[in-house]
file protein-v6.tsv (TSV, C-alpha atoms)
chain	number	residue	atom	x	y	z
A	8	MET	CA	12.03	33.21	-17.16
A	9	LYS	CA	10.93	36.26	-15.14
A	10	PRO	CA	12.49	36.29	-11.66
A	11	VAL	CA	9.17	36.08	-9.83
A	12	ARG	CA	8.10	33.11	-11.84
A	13	ALA	CA	11.49	31.49	-11.34
A	14	ILE	CA	11.12	31.86	-7.58
A	15	VAL	CA	7.62	30.42	-7.67
A	16	THR	CA	8.88	27.49	-9.72
A	17	VAL	CA	11.71	26.86	-7.28
A	18	LEU	CA	9.26	26.97	-4.37
A	19	LEU	CA	6.93	24.58	-6.14
A	20	ILE	CA	9.73	22.13	-6.78
A	21	ALA	CA	10.88	22.41	-3.17
A	22	ALA	CA	7.34	21.77	-1.90
A	23	VAL	CA	6.97	18.50	-3.80
A	24	PRO	CA	7.89	15.64	-1.45
A	25	VAL	CA	10.93	13.64	-2.44
A	26	LEU	CA	9.51	10.87	-4.57
A	27	ALA	CA	11.38	7.79	-5.48
A	28	ALA	CA	11.69	7.09	-9.14
A	29	GLU	CA	9.44	4.57	-10.79
A	30	ILE	CA	11.02	1.15	-11.23
A	31	PRO	CA	12.90	1.06	-14.57
A	32	GLN	CA	11.10	-1.21	-17.06
A	33	SER	CA	14.02	-3.62	-17.27
A	34	GLU	CA	14.04	-4.13	-13.49
A	35	ARG	CA	10.39	-5.02	-13.09
A	36	ARG	CA	9.63	-8.39	-11.50
A	37	SER	CA	6.40	-10.25	-11.00
A	38	GLY	CA	5.36	-11.30	-7.50
A	39	PHE	CA	6.04	-14.82	-8.83
A	40	SER	CA	9.81	-14.26	-8.69
A	41	PHE	CA	9.65	-13.47	-4.96
A	42	MET	CA	7.99	-16.80	-4.05
A	43	GLY	CA	9.59	-20.00	-2.83
A	44	PRO	CA	10.06	-22.91	-5.26
A	45	ASP	CA	7.07	-24.85	-3.87
A	46	THR	CA	4.61	-22.01	-4.48
A	47	GLN	CA	6.11	-21.38	-7.92
A	48	ALA	CA	5.68	-25.06	-8.79
A	49	MET	CA	2.06	-24.89	-7.63
A	50	GLN	CA	1.35	-21.98	-10.00
A	51	ASN	CA	3.10	-23.62	-12.94
A	52	ASP	CA	1.40	-27.02	-12.69
A	53	ASP	CA	-2.25	-26.85	-13.76
A	54	THR	CA	-2.99	-30.09	-11.90
A	55	ALA	CA	-1.74	-28.52	-8.64
A	56	ASN	CA	-2.89	-24.91	-9.17
A	57	PRO	CA	-6.16	-24.45	-7.21
A	58	GLY	CA	-7.07	-21.48	-9.44
A	59	ILE	CA	-7.78	-23.89	-12.30
A	60	LEU	CA	-10.92	-25.06	-10.44
A	61	TRP	CA	-12.37	-21.54	-10.84
A	62	VAL	CA	-11.28	-21.43	-14.50
A	63	LEU	CA	-13.19	-24.66	-15.15
A	64	ASP	CA	-16.27	-23.29	-13.38
A	65	GLY	CA	-15.94	-20.16	-15.50
A	66	GLU	CA	-15.85	-22.18	-18.69
A	67	ALA	CA	-19.12	-23.89	-17.69
A	68	LEU	CA	-20.72	-20.52	-16.87
A	69	TRP	CA	-19.53	-19.11	-20.22
A	70	LYS	CA	-21.65	-21.74	-21.97
A	71	SER	CA	-24.73	-21.66	-19.74
A	72	LYS	CA	-27.76	-19.53	-20.58
A	73	ALA	CA	-28.65	-16.84	-18.05
A	74	GLY	CA	-31.14	-14.00	-17.53
A	75	ALA	CA	-34.42	-13.04	-19.19
A	76	ALA	CA	-32.73	-13.02	-22.62
A	77	GLY	CA	-31.91	-16.72	-22.19
A	78	LYS	CA	-28.48	-16.27	-23.74
A	79	ALA	CA	-25.07	-17.61	-22.78
A	80	CYS	CA	-21.88	-15.56	-23.18
A	81	ALA	CA	-20.89	-18.10	-25.83
A	82	ASP	CA	-24.06	-17.34	-27.85
A	83	CYS	CA	-22.66	-13.88	-28.62
A	84	HIS	CA	-18.90	-14.44	-28.35
A	85	GLY	CA	-18.43	-18.04	-29.51
A	86	ASP	CA	-15.28	-19.85	-28.47
A	87	ALA	CA	-13.52	-17.80	-25.78
A	88	ARG	CA	-10.20	-19.33	-26.77
A	89	THR	CA	-10.25	-17.15	-29.87
A	90	SER	CA	-12.74	-14.35	-29.14
A	91	MET	CA	-11.35	-13.53	-25.67
A	92	LYS	CA	-7.66	-14.02	-26.41
A	93	GLY	CA	-5.75	-10.92	-25.23
A	94	VAL	CA	-8.83	-9.13	-23.91
A	95	ALA	CA	-7.93	-9.27	-20.20
A	96	ALA	CA	-4.40	-8.06	-21.01
A	97	ARG	CA	-5.79	-4.68	-22.11
A	98	TYR	CA	-8.29	-4.13	-19.27
A	99	PRO	CA	-9.44	-1.84	-17.61
A	100	ALA	CA	-10.63	-0.30	-20.91
A	101	PHE	CA	-12.48	2.92	-21.70
A	102	ASP	CA	-16.26	2.45	-21.89
A	103	LYS	CA	-17.62	5.02	-24.36
A	104	ALA	CA	-21.22	4.81	-23.10
A	105	LEU	CA	-20.22	5.31	-19.46
A	106	GLY	CA	-17.43	7.81	-20.16
A	107	HIS	CA	-14.95	6.12	-17.83
A	108	PRO	CA	-12.80	2.98	-17.71
A	109	VAL	CA	-14.30	-0.31	-16.53
A	110	ASP	CA	-12.42	-3.36	-15.29
A	111	LEU	CA	-13.05	-6.91	-16.48
A	112	GLU	CA	-15.52	-7.68	-13.68
A	113	GLN	CA	-17.55	-4.56	-14.56
A	114	ARG	CA	-17.43	-5.46	-18.27
A	115	ILE	CA	-18.79	-8.93	-17.47
A	116	ASN	CA	-21.59	-7.43	-15.39
A	117	ASN	CA	-22.40	-4.90	-18.16
A	118	CYS	CA	-22.90	-7.82	-20.53
A	119	ARG	CA	-25.05	-9.59	-17.96
A	120	THR	CA	-27.38	-6.66	-17.42
A	121	THR	CA	-27.62	-5.33	-20.98
A	122	HIS	CA	-27.33	-8.46	-23.15
A	123	GLN	CA	-28.43	-11.30	-20.87
A	124	GLN	CA	-30.91	-9.21	-18.88
A	125	ALA	CA	-29.60	-10.91	-15.76
A	126	THR	CA	-28.73	-9.48	-12.35
A	127	PRO	CA	-25.10	-8.36	-11.89
A	128	LEU	CA	-22.90	-10.84	-10.04
A	129	PRO	CA	-21.65	-9.57	-6.65
A	130	TYR	CA	-17.94	-8.78	-6.30
A	131	GLU	CA	-15.94	-11.76	-5.01
A	132	SER	CA	-18.83	-14.14	-5.68
A	133	ARG	CA	-17.72	-17.56	-6.89
A	134	GLU	CA	-19.41	-16.96	-10.28
A	135	LEU	CA	-17.84	-13.57	-10.98
A	136	LEU	CA	-14.38	-14.79	-9.94
A	137	ALA	CA	-14.83	-17.90	-12.08
A	138	LEU	CA	-15.88	-16.01	-15.22
A	139	THR	CA	-13.13	-13.41	-14.73
A	140	ALA	CA	-10.49	-16.11	-14.19
A	141	PHE	CA	-11.69	-18.01	-17.28
A	142	LEU	CA	-11.51	-14.87	-19.45
A	143	ALA	CA	-8.17	-13.78	-18.03
A	144	GLN	CA	-6.68	-17.22	-18.60
A	145	GLN	CA	-7.20	-16.66	-22.34
A	146	SER	CA	-4.47	-13.98	-22.10
A	147	ARG	CA	-2.02	-16.11	-20.12
A	148	GLY	CA	1.52	-15.50	-21.35
A	149	MET	CA	0.54	-12.46	-23.42
A	150	SER	CA	1.95	-8.99	-22.73
A	151	ILE	CA	-0.12	-6.72	-20.51
A	152	MET	CA	-0.92	-3.64	-22.58
A	153	PRO	CA	-3.67	-1.13	-21.72
A	154	GLU	CA	-4.99	0.50	-24.89
A	155	ARG	CA	-3.30	3.65	-26.12
A	156	ASP	CA	-6.52	5.59	-25.86
A	157	PRO	CA	-6.07	9.30	-25.09
A	158	GLN	CA	-9.35	9.15	-23.17
A	159	LEU	CA	-7.68	6.75	-20.70
A	160	GLU	CA	-4.80	9.10	-19.93
A	161	PRO	CA	-6.48	11.26	-17.27
A	162	PHE	CA	-7.59	8.08	-15.48
A	163	ILE	CA	-4.08	6.61	-15.54
A	164	ALA	CA	-2.86	9.92	-14.10
A	165	LYS	CA	-5.51	9.76	-11.35
A	166	GLY	CA	-4.44	6.20	-10.52
A	167	ARG	CA	-0.82	7.28	-10.30
A	168	GLU	CA	-1.77	10.12	-7.98
A	169	LEU	CA	-3.60	7.65	-5.73
A	170	PHE	CA	-0.55	5.37	-5.80
A	171	LEU	CA	1.67	8.22	-4.60
A	172	GLN	CA	-0.73	9.58	-1.98
A	173	ARG	CA	0.12	8.98	1.67
A	174	GLN	CA	-2.94	7.79	3.53
A	175	GLY	CA	-4.26	6.09	6.62
A	176	GLN	CA	-3.21	6.20	10.25
A	177	LEU	CA	0.19	4.77	9.21
A	178	ASN	CA	0.52	7.58	6.63
A	179	LEU	CA	2.04	5.44	3.88
A	180	ALA	CA	1.64	5.49	0.10
A	181	CYS	CA	1.58	2.45	-2.14
A	182	ALA	CA	4.82	3.78	-3.65
A	183	ASN	CA	6.57	3.80	-0.24
A	184	CYS	CA	6.43	0.02	-0.29
A	185	HIS	CA	6.11	-1.03	-3.93
A	186	ASP	CA	8.43	1.52	-5.62
A	187	ASP	CA	10.86	2.30	-2.81
A	188	ASN	CA	11.12	-0.85	-0.70
A	189	TRP	CA	10.21	-3.82	-2.90
A	190	ASP	CA	13.52	-5.51	-2.17
A	191	LYS	CA	12.76	-5.50	1.56
A	192	ARG	CA	10.64	-7.52	3.98
A	193	LEU	CA	7.66	-6.36	5.99
A	194	ALA	CA	7.96	-8.54	9.09
A	195	GLY	CA	8.11	-12.00	7.43
A	196	SER	CA	6.69	-11.12	3.98
A	197	ALA	CA	8.48	-10.08	0.82
A	198	ILE	CA	7.03	-6.71	-0.19
A	199	THR	CA	7.30	-7.22	-4.00
A	200	GLN	CA	6.78	-4.56	-6.68
A	201	GLY	CA	2.99	-4.92	-6.48
A	202	HIS	CA	2.35	-5.86	-10.12
A	203	PRO	CA	-1.20	-6.95	-10.99
A	204	THR	CA	-0.07	-9.66	-13.41
A	205	GLY	CA	-1.89	-12.71	-12.03
A	206	TYR	CA	-5.45	-11.71	-11.04
A	207	PRO	CA	-7.79	-13.15	-10.11
A	208	LEU	CA	-5.34	-15.35	-8.21
A	209	TYR	CA	-5.27	-18.01	-5.55
A	210	ARG	CA	-3.80	-16.68	-2.32
A	211	LEU	CA	-2.75	-19.32	0.22
A	212	GLU	CA	-3.53	-16.84	3.01
A	213	TRP	CA	-7.10	-16.44	1.68
A	214	GLN	CA	-7.56	-20.15	0.90
A	215	SER	CA	-9.44	-18.86	-2.13
A	216	LEU	CA	-9.29	-17.07	-5.43
A	217	GLY	CA	-9.56	-13.29	-5.05
A	218	SER	CA	-9.74	-10.24	-7.32
A	219	LEU	CA	-7.24	-7.44	-7.72
A	220	GLN	CA	-9.69	-5.11	-5.96
A	221	ARG	CA	-9.68	-7.45	-2.95
A	222	ARG	CA	-5.87	-7.23	-2.83
A	223	LEU	CA	-5.93	-3.43	-3.13
A	224	ARG	CA	-8.48	-3.15	-0.34
A	225	ALA	CA	-6.26	-5.37	1.83
A	226	CYS	CA	-3.24	-3.09	1.29
A	227	ILE	CA	-5.39	-0.01	1.99
A	228	SER	CA	-6.74	-1.47	5.25
A	229	GLY	CA	-3.19	-2.53	6.09
A	230	ILE	CA	-2.14	1.11	6.26
A	231	ARG	CA	-5.30	1.75	8.32
A	232	ALA	CA	-6.96	3.86	5.65
A	233	GLN	CA	-10.61	3.73	4.65
A	234	PRO	CA	-10.88	1.08	1.90
A	235	TYR	CA	-12.80	2.14	-1.23
A	236	ALA	CA	-15.95	0.13	-1.88
A	237	PHE	CA	-15.73	-2.65	-4.49
A	238	GLY	CA	-16.29	-1.09	-7.91
A	239	ALA	CA	-15.39	2.45	-6.76
A	240	PRO	CA	-13.84	4.59	-9.52
A	241	GLU	CA	-10.68	5.01	-7.43
A	242	LEU	CA	-10.06	1.25	-7.37
A	243	VAL	CA	-10.51	1.02	-11.15
A	244	GLU	CA	-8.09	3.95	-11.59
A	245	LEU	CA	-5.55	2.18	-9.38
A	246	GLU	CA	-6.04	-1.05	-11.37
A	247	LEU	CA	-5.52	0.88	-14.60
A	248	TYR	CA	-2.37	2.60	-13.35
A	249	LEU	CA	-1.01	-0.75	-12.09
A	250	MET	CA	-1.66	-2.39	-15.49
A	251	TRP	CA	0.02	0.53	-17.25
A	252	ARG	CA	2.94	0.29	-14.78
A	253	ALA	CA	3.18	-3.43	-15.64
A	254	ARG	CA	2.84	-2.90	-19.42
A	255	GLY	CA	4.81	-5.49	-21.38
A	256	MET	CA	4.94	-7.99	-18.49
A	257	PRO	CA	3.36	-11.40	-19.14
A	258	ALA	CA	-0.14	-12.11	-17.79
A	259	GLU	CA	-0.19	-15.10	-15.37
A	260	THR	CA	-3.84	-15.73	-14.45
A	261	PRO	CA	-4.61	-17.79	-12.48
A	262	ALA	CA	-1.49	-17.07	-10.42
A	263	VAL	CA	-0.75	-18.37	-6.92
A	264	ARG	CA	0.60	-16.12	-4.16
A	265	PRO	CA	1.50	-16.75	-0.51
B	14	MET	CA	37.56	33.27	25.43
B	15	PRO	CA	36.88	36.95	26.23
B	16	LEU	CA	33.81	37.41	28.36
B	17	ALA	CA	31.95	39.55	25.81
B	18	ARG	CA	32.32	36.91	23.12
B	19	SER	CA	31.15	34.03	25.25
B	20	ALA	CA	28.17	36.12	26.40
B	21	MET	CA	27.36	36.73	22.77
B	22	LEU	CA	27.62	33.01	22.04
B	23	ILE	CA	25.32	32.20	24.92
B	24	ALA	CA	22.84	34.79	23.70
B	25	ALA	CA	23.02	33.29	20.22
B	26	ALA	CA	22.56	29.80	21.62
B	27	MET	CA	19.54	30.94	23.61
B	28	LEU	CA	18.08	32.51	20.50
B	29	VAL	CA	18.52	29.24	18.63
B	30	MET	CA	16.99	27.32	21.52
B	31	SER	CA	14.03	29.65	21.76
B	32	VAL	CA	13.40	29.10	18.08
B	33	LEU	CA	13.71	25.36	18.47
B	34	VAL	CA	11.51	25.02	21.56
B	35	VAL	CA	8.20	24.26	19.91
B	36	PRO	CA	5.18	23.70	22.10
B	37	SER	CA	2.88	21.26	20.31
B	38	ARG	CA	-0.81	21.80	19.73
B	39	ALA	CA	-1.30	18.27	21.03
B	40	ASP	CA	-3.59	19.31	23.91
B	41	GLU	CA	-6.06	20.89	21.47
B	42	GLN	CA	-6.59	17.42	20.00
B	43	GLY	CA	-7.09	15.50	23.22
B	44	LEU	CA	-3.44	14.43	23.30
B	45	ARG	CA	-1.07	15.14	26.19
B	46	PRO	CA	0.84	18.37	25.51
B	47	TYR	CA	4.59	18.12	25.02
B	48	VAL	CA	7.45	20.44	24.25
B	49	VAL	CA	10.05	19.74	21.58
B	50	VAL	CA	13.52	20.99	22.42
B	51	GLY	CA	15.96	20.62	19.54
B	52	ASP	CA	15.55	17.03	18.33
B	53	ALA	CA	14.02	15.72	21.56
B	54	ILE	CA	11.00	15.75	23.84
B	55	PRO	CA	12.82	15.80	27.19
B	56	GLN	CA	9.78	15.35	29.46
B	57	SER	CA	7.77	12.15	29.82
B	58	LEU	CA	4.34	12.47	28.17
B	59	THR	CA	2.71	11.04	31.28
B	60	GLY	CA	5.01	12.66	33.82
B	61	MET	CA	6.05	9.13	34.84
B	62	PRO	CA	8.75	6.74	33.63
B	63	GLY	CA	7.56	3.89	31.41
B	64	ASP	CA	7.94	0.15	31.96
B	65	ALA	CA	10.65	-1.47	29.79
B	66	ALA	CA	9.16	-5.00	30.01
B	67	ARG	CA	5.80	-3.75	28.76
B	68	GLY	CA	7.63	-1.82	26.03
B	69	ARG	CA	9.42	-4.96	24.88
B	70	ALA	CA	6.14	-6.90	24.72
B	71	LEU	CA	4.65	-4.07	22.70
B	72	VAL	CA	7.44	-4.15	20.11
B	73	LEU	CA	6.83	-7.90	19.71
B	74	ASP	CA	3.09	-7.35	19.31
B	75	ARG	CA	2.31	-6.83	15.64
B	76	THR	CA	-0.41	-4.28	16.39
B	77	SER	CA	2.27	-1.80	17.48
B	78	THR	CA	3.62	-2.23	13.87
B	79	CYS	CA	7.29	-1.73	14.96
B	80	ILE	CA	8.34	-5.27	14.02
B	81	LEU	CA	6.88	-4.88	10.52
B	82	CYS	CA	9.75	-2.54	9.65
B	83	HIS	CA	12.41	-3.01	12.36
B	84	SER	CA	14.39	-5.91	13.71
B	85	GLY	CA	15.85	-6.02	17.20
B	86	PRO	CA	17.25	-8.29	19.90
B	87	LEU	CA	14.06	-10.39	19.92
B	88	PRO	CA	15.09	-14.02	19.46
B	89	GLU	CA	11.54	-15.32	19.97
B	90	THR	CA	10.42	-14.18	16.54
B	91	GLN	CA	12.01	-14.73	13.14
B	92	PHE	CA	9.46	-12.44	11.48
B	93	GLN	CA	11.24	-9.12	11.69
B	94	GLY	CA	11.22	-6.41	9.06
B	95	ASP	CA	14.21	-4.86	7.31
B	96	LEU	CA	12.76	-1.59	6.03
B	97	ALA	CA	14.41	0.31	8.87
B	98	PRO	CA	17.56	0.27	11.04
B	99	SER	CA	17.75	-2.43	13.72
B	100	LEU	CA	16.60	-1.31	17.15
B	101	THR	CA	19.61	-3.06	18.72
B	102	GLY	CA	21.69	-0.43	20.51
B	103	ALA	CA	19.09	2.33	20.09
B	104	GLY	CA	19.66	3.36	23.73
B	105	SER	CA	23.37	3.93	23.07
B	106	ARG	CA	22.66	6.10	20.06
B	107	TRP	CA	19.84	8.25	21.45
B	108	SER	CA	18.74	9.83	24.70
B	109	GLU	CA	15.27	9.13	26.10
B	110	GLY	CA	14.13	12.53	24.87
B	111	GLN	CA	15.40	11.85	21.35
B	112	LEU	CA	13.74	8.43	21.30
B	113	ARG	CA	10.47	10.01	22.50
B	114	LEU	CA	10.38	12.52	19.62
B	115	ARG	CA	11.20	9.76	17.11
B	116	LEU	CA	8.17	7.81	18.33
B	117	VAL	CA	5.81	10.76	18.75
B	118	ASP	CA	6.48	12.31	15.34
B	119	ALA	CA	9.50	11.11	13.36
B	120	SER	CA	8.40	13.27	10.42
B	121	ARG	CA	9.52	16.39	12.32
B	122	LEU	CA	13.10	15.18	11.88
B	123	ASN	CA	12.76	13.69	8.41
B	124	PRO	CA	9.72	14.87	6.45
B	125	ALA	CA	10.19	12.03	3.93
B	126	THR	CA	10.41	9.27	6.54
B	127	ILE	CA	8.20	6.21	6.17
B	128	MET	CA	8.10	5.76	9.95
B	129	PRO	CA	4.57	6.58	11.11
B	130	SER	CA	3.99	9.29	13.72
B	131	TYR	CA	2.74	7.32	16.71
B	132	TYR	CA	1.36	10.24	18.71
B	133	ARG	CA	-0.12	12.57	16.13
B	134	ILE	CA	-3.61	12.77	14.68
B	135	GLU	CA	-3.52	15.82	12.41
B	136	GLY	CA	-2.28	15.95	8.85
B	137	LEU	CA	-3.44	12.43	7.94
B	138	ALA	CA	-5.61	11.55	4.93
B	139	ARG	CA	-8.44	9.02	4.68
B	140	VAL	CA	-7.87	7.36	8.07
B	141	GLY	CA	-10.18	4.32	8.48
B	142	PRO	CA	-13.12	4.79	10.85
B	143	ALA	CA	-11.74	2.39	13.45
B	144	TRP	CA	-8.59	4.52	13.82
B	145	ARG	CA	-9.87	8.03	13.15
B	146	GLY	CA	-9.08	10.70	15.75
B	147	LYS	CA	-6.83	8.39	17.77
B	148	PRO	CA	-3.05	8.28	17.90
B	149	ILE	CA	-1.52	4.90	16.94
B	150	LEU	CA	-0.20	4.50	20.51
B	151	SER	CA	-1.22	6.01	23.84
B	152	ALA	CA	1.07	8.26	25.90
B	153	GLU	CA	1.60	5.35	28.32
B	154	GLN	CA	2.60	3.02	25.49
B	155	ILE	CA	5.04	5.61	24.11
B	156	GLU	CA	6.67	5.86	27.56
B	157	ASP	CA	6.90	2.05	27.84
B	158	LEU	CA	8.61	1.95	24.44
B	159	VAL	CA	10.99	4.77	25.40
B	160	ALA	CA	11.96	2.85	28.56
B	161	TYR	CA	12.56	-0.34	26.54
B	162	LEU	CA	14.51	1.34	23.72
B	163	ALA	CA	16.67	3.29	26.20
B	164	SER	CA	17.61	-0.06	27.79
B	165	LEU	CA	18.97	-1.38	24.45
B	166	ARG	CA	22.63	-0.53	25.00
B	167	GLU	CA	25.70	-1.92	23.30
call {"tool": "encode", "arguments": {"input": "protein-v6.tsv", "output": "structure tokens"}}
result
Amino acid sequence: MKPVRAIVTVLLIAAVPVLAAEIPQSERRSGFSFMGPDTQAMQNDDTANPGILWVLDGEALWKSKAGAAGKACADCHGDARTSMKGVAARYPAFDKALGHPVDLEQRINNCRTTHQQATPLPYESRELLALTAFLAQQSRGMSIMPERDPQLEPFIAKGRELFLQRQGQLNLACANCHDDNWDKRLAGSAITQGHPTGYPLYRLEWQSLGSLQRRLRACISGIRAQPYAFGAPELVELELYLMWRARGMPAETPAVRP
Amino acid sequence: MPLARSAMLIAAAMLVMSVLVVPSRADEQGLRPYVVVGDAIPQSLTGMPGDAARGRALVLDRTSTCILCHSGPLPETQFQGDLAPSLTGAGSRWSEGQLRLRLVDASRLNPATIMPSYYRIEGLARVGPAWRGKPILSAEQIEDLVAYLASLRE
């Protein structure tokens, strides 16, 4: 290496803030493992898990005709138990027509507008949460695994950059809590590793099912930063990076969290 | 020590001090100006001493965010964080001036710290509209906290 370039390299390395290492794969833990036994029991028992109510609603919506095309999801996809098995575990996925990744909610709305000729369902609406929960439940227990699509790579990298970026009045990055301090408590709450394994999930604090984007917006407002709008590319990139970070972990939808 | 050598030492010390005395650009941003000397801000931001009782109430109030990360001698709440050292005994470990700089801008002492800078508005990204252009705490609140923390002696 030429001396000048060596000096530049050294300076570059010195300028990079000290970043904690990513959590080794073998040490990753779902938010589930941080919960008390009562909340764990609630997630594990379908008769006690409130998320199942949304799953049942979603199953009904899957079979009901909608939009000008007068078609139900089931008219194209048949029995979700087979056709949708494992689908949620590899989302967000690259959409060739759009040229960027879309998450499961966006995929559902694409089908609504193009195939059912219906209006898109608003984010966090009961219907969209129900359909998403029903689809995601078909991957319950399967390994999370975003597709190995080279076109996804720049978007995973963008998501990682967002995860490491300090932001907001409190000047914190996602990684400051979820990579570096997941074994600690923020006031009374366990911080956890921030894995997206159970979404949409029932949060006791929300008294409702909520999407992963809702959770991300809550963490972003928590550090007093400007939350991205629902559906913003940055939120999908964060979702994608989180799914890649959680690759190999079992999907839990509908999970329960405190 | 021979006179010449001690004079040289004093000169060297003054040189170091003059390098370390850093006037802030705080006043250009609508914040009270302050001067950092070494690892401290010796002068009160308001020119007045703070109120320790108000400082204690502020630490307990979640909006100050202290209790999210720190614990302290605050028996009335069990919800205390453990991301940071306990505040118990802070007044024995640090002078008022040192405590003031740690609250105003802890990142001057440790660029990698997770402790927010409570009296700084530049160098932040994507601050939400409700908080933009404002420090997390006012100069008065910083002084109340300094008075409270300085009273935590062991």
call {"tool": "residues_around", "arguments": {"input": "protein-v6.tsv", "residues": "stretch 233-241 of chain A", "least_positions_apart": "3", "cutoff": "7 Å", "atoms": "only C-alpha atoms", "output": "PyMOL selection string"}}
result
(chain A and resi 130+220+224+227-228+244-245) or (chain B and resi 139-142)
call {"tool": "closest_residue", "arguments": {"input": "protein-v6.tsv", "among": "A:Ala258, A:Ile151, A:Ala28, A:Val263", "to": "A:Asp186", "atoms": "all atoms listed in the file"}}
result
A:Ala28
call {"tool": "closest_residue", "arguments": {"input": "protein-v6.tsv", "among": "B:Ala65, B:Asp52, B:Gly43, B:Cys79", "to": "B:Gly104", "atoms": "only C-alpha atoms"}}
result
B:Ala65
call {"tool": "closest_atom_pairs", "arguments": {"input": "protein-v6.tsv", "of": "chain A", "to": "chain B", "cutoff": "6 Å", "atoms": "all atoms listed in the file", "output": "CSV"}}
result
residue,atom,partner,partner_atom,distance
A:Gln174,CA,B:Ala138,CA,4.8
A:Gly175,CA,B:Val140,CA,4.1
A:Gln176,CA,B:Val140,CA,5.3
A:Leu177,CA,B:Pro129,CA,5.1
A:Lys191,CA,B:Leu96,CA,5.9
A:Arg192,CA,B:Gly94,CA,5.2
A:Leu193,CA,B:Gly94,CA,4.7
A:Ala194,CA,B:Gly94,CA,3.9
A:Gly195,CA,B:Phe92,CA,4.3
A:Arg231,CA,B:Gly141,CA,5.5
A:Ala232,CA,B:Gly141,CA,4.3
A:Gln233,CA,B:Gly141,CA,3.9
call {"tool": "atom_distance", "arguments": {"input": "protein-v6.tsv", "atom1": "atom CA of B:Ala152", "atom2": "atom CA of A:Ile230"}}
result
21.1 Å
call {"tool": "closest_residue", "arguments": {"input": "protein-v6.tsv", "among": "B:Ser151, B:Thr101, B:Ser57, B:Gln111", "to": "B:Glu167", "atoms": "only C-alpha atoms"}}
result
B:Thr101
call {"tool": "atom_distance", "arguments": {"input": "protein-v6.tsv", "atom1": "atom CA of A:Cys80", "atom2": "atom CA of A:Arg222"}}
result
27.2 Å
call {"tool": "residues_around", "arguments": {"input": "protein-v6.tsv", "residues": "A:Lys70", "least_positions_apart": "4", "cutoff": "7 Å", "atoms": "all atoms listed in the file", "output": "MDAnalysis selection string"}}
result
chainID A and resid 66 79:81
